[in-house]
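A.B. asks: Here you go, one structure.
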Amino acid sequence: MEEVSGLTPGRALEAGCGEGADSLWLARQGWTVTGTDVSQVALDRAAGHTPPELAGQVTWRRTDVLDWMPETAAYQLVFTTFLHLPSHVRRQVFAGLAEAVAPGGSLVVVLHHPRDLTDGAVPRPPEPDLFCTADELADDLVPAGGWTVHTREARPRTVTHEGREVTVHDAVLRAERTA
């Protein structure tokens with residue numbers, strides 16, 4: 001929410017939308033959203049959560065990011081949260097998502113930060129290759145120019161785990177396509 005609150009609404013694509021909470025939030029802010037996920041069950045739940053007044057602003061679409069690429073330069077916002085993939089797959093998938101951003105639009109990626117693997121606050125899969133920093137995301141996605149990076153950080157947030165509040169960290173990248 002923090003990364004997109006100041007952006008002018010337009011067309012948005014959420015890759016890996018799950019049950020659609022973020023897509024619905026965007027639609028309430030005036031965005032026209034396509035939420036995609038591999039799980040038809042999640043999409044059916046998302047559709048069931050969609051209030052009638054947002055029905056024309058949100059489209060739910062079943063896709064597998066491993067073999068689907070969105071339309072090039074078609075969205076003012078492309079975002080994904082917690083879509084953890086092995087690095088070689090992540091680079092390919094996220095590069096395709098970046099290509100879907102129109103000039104002047106933004107790419108927002110939020111992942112669990114690798115720091116959470118070692119601090120023990122919450123359990124994470126013991127697969128370090130699934131995690132990366134915002135700097136690594138930026139290096140992978142915007143190395144050739146044509147982008148302005150606005151946010152590249154390990155952002156802390158508080159969650160409740162096993163009845164206690166703990167701090168976890170998210171790798172957060174927001175980049176604007178300039179060309």
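By order of appearance in the structure tokens: chains A, B, ..., then residues from 1 within every chain, and ligands from 1 in the order shown.
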Kindly provide the residues of stretch 67-97 of chain A that approach stretch 106-128 of chain A to within 8 Å, each paired with its closest atom pair and their distance in Å to one decimal, based on only C-alpha atoms, listed by chain and increasing number, as JSON lines.

C.D. replies:
{"residue": "A:Gln76", "atom": "CA", "partner": "A:Ser106", "partner_atom": "CA", "distance": 6.1}
{"residue": "A:Leu77", "atom": "CA", "partner": "A:Ser106", "partner_atom": "CA", "distance": 4.9}
{"residue": "A:Val78", "atom": "CA", "partner": "A:Leu107", "partner_atom": "CA", "distance": 4.9}
{"residue": "A:Phe79", "atom": "CA", "partner": "A:Val108", "partner_atom": "CA", "distance": 4.6}
{"residue": "A:Thr80", "atom": "CA", "partner": "A:Val109", "partner_atom": "CA", "distance": 5.2}
{"residue": "A:Thr81", "atom": "CA", "partner": "A:Val110", "partner_atom": "CA", "distance": 4.6}
{"residue": "A:Phe82", "atom": "CA", "partner": "A:Leu111", "partner_atom": "CA", "distance": 4.5}
{"residue": "A:Leu83", "atom": "CA", "partner": "A:Leu111", "partner_atom": "CA", "distance": 6.8}
{"residue": "A:His84", "atom": "CA", "partner": "A:Leu111", "partner_atom": "CA", "distance": 6.9}
{"residue": "A:Leu97", "atom": "CA", "partner": "A:Leu107", "partner_atom": "CA", "distance": 7.9}

A.B. asks: Give me the residues within 8 Å of stretch 130-145 of chain A as a ChimeraX atom specification, counting only C-alpha atoms and dropping any in the same chain fewer than 5 places off.

C.D. replies: /A:84-87,91,94-95,98,111-114,152-154,171-173

A.B. asks: Save the residues we just selected, C-alpha atoms, as a PDB file, in the first residue's frame?

C.D. replies:
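Wrote part_6.pdb, looks like this:
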ATOM      1  CA  HIS A  84       9.181 -16.813  -4.335  1.00  0.00           C
ATOM      2  CA  LEU A  85      10.871 -18.673  -7.178  1.00  0.00           C
ATOM      3  CA  PRO A  86      14.374 -20.107  -7.649  1.00  0.00           C
ATOM      4  CA  SER A  87      16.720 -17.358  -8.870  1.00  0.00           C
ATOM      5  CA  ARG A  91      14.890 -13.514 -13.139  1.00  0.00           C
ATOM      6  CA  PHE A  94      10.192 -10.890 -13.167  1.00  0.00           C
ATOM      7  CA  ALA A  95      11.843  -9.645 -16.371  1.00  0.00           C
ATOM      8  CA  ALA A  98       8.920  -5.628 -15.945  1.00  0.00           C
ATOM      9  CA  LEU A 111       9.539 -10.661  -1.184  1.00  0.00           C
ATOM     10  CA  HIS A 112      10.615 -12.085   2.139  1.00  0.00           C
ATOM     11  CA  HIS A 113      14.142 -10.829   2.796  1.00  0.00           C
ATOM     12  CA  PRO A 114      16.922 -13.436   3.159  1.00  0.00           C
ATOM     13  CA  ARG A 152      15.105  -0.498  -2.705  1.00  0.00           C
ATOM     14  CA  GLU A 153      15.152  -1.620   0.898  1.00  0.00           C
ATOM     15  CA  ALA A 154      14.745  -4.254   3.566  1.00  0.00           C
ATOM     16  CA  ALA A 171      12.728  -6.916   0.273  1.00  0.00           C
ATOM     17  CA  VAL A 172      10.845  -4.037  -1.369  1.00  0.00           C
ATOM     18  CA  LEU A 173      11.545  -2.690  -4.849  1.00  0.00           C
TER      19      LEU A 173
END

A.B. asks: Tell me which of A:Val166, A:Ala73, A:Leu66, A:Ala179 sits closest to A:Thr148, counting only C-alpha atoms.

C.D. replies: A:Ala179

A.B. asks: I need the residues in chain A that are strand (DSSP E) according to DSSP; give them as an MDAnalysis selection string.

C.D. replies: chainID A and resid 11:15 32:37 58:62 75:81 101:112 147:161 164:177

A.B. asks: Between atom CA of A:Pro156 and atom CA of A:Trp25, what distance in Å does the model show, to one decimal?

C.D. replies: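 These atoms are spaced 21.5 Å apart.
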
A.B. asks: Which one is closest to A:Gly20: A:Ala46, A:Leu7, A:Val33, A:Val89? Count only C-alpha atoms.

C.D. replies: A:Ala46

A.B. asks: Counting only C-alpha atoms, figure out which residue out of A:Glu162, A:Pro70, A:Leu54, A:Gln40 gets nearest to A:Glu14.

C.D. replies: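 Smallest distance to A:Glu14 is found for A:Pro70.
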
A.B. asks: If DSSP is run on the backbone, what residues of stretch 42-124 of chain A are alpha helix (DSSP H)? A reply as a list of chain:residue names would be ideal.

C.D. replies: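 Put together, the selection reads A:Ala42, A:Leu43, A:Asp44, A:Arg45, A:Ala46, A:Ala47, A:Gly48, A:His49, A:Ser87, A:His88, A:Val89, A:Arg90, A:Arg91, A:Gln92, A:Val93, A:Phe94, A:Ala95, A:Gly96, A:Leu97, A:Ala98, A:Glu99, A:Arg115, A:Asp116, A:Leu117, A:Thr118, A:Asp119.
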
A.B. asks: Report, in Å to a single decimal, how far apart atom CA of A:Thr34 and atom CA of A:Val65 are.

C.D. replies: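 Atom-to-atom, atom CA of A:Val65 and atom CA of A:Thr34 are spaced 13.7 Å apart.
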
A.B. asks: In Å, rounded to a single decimal, give me how far atom CA of A:Ala175 is from atom CA of A:Asp64.

C.D. replies: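 A separation of 23.7 Å between them.
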
A.B. asks: Taking only C-alpha atoms into account, name the residue in A:Ala42, A:Ala100, A:Cys17, A:Ala55 that is nearest to A:Trp68.

C.D. replies: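 Ranked by minimum distance to A:Trp68, first place goes to A:Ala100.
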
A.B. asks: Can you pull out every residue within 7 Å of A:Arg62, counting only C-alpha atoms, but drop anything in the same chain fewer than 5 positions away, and send it as a ChimeraX atom specification?

C.D. replies: /A:36-40
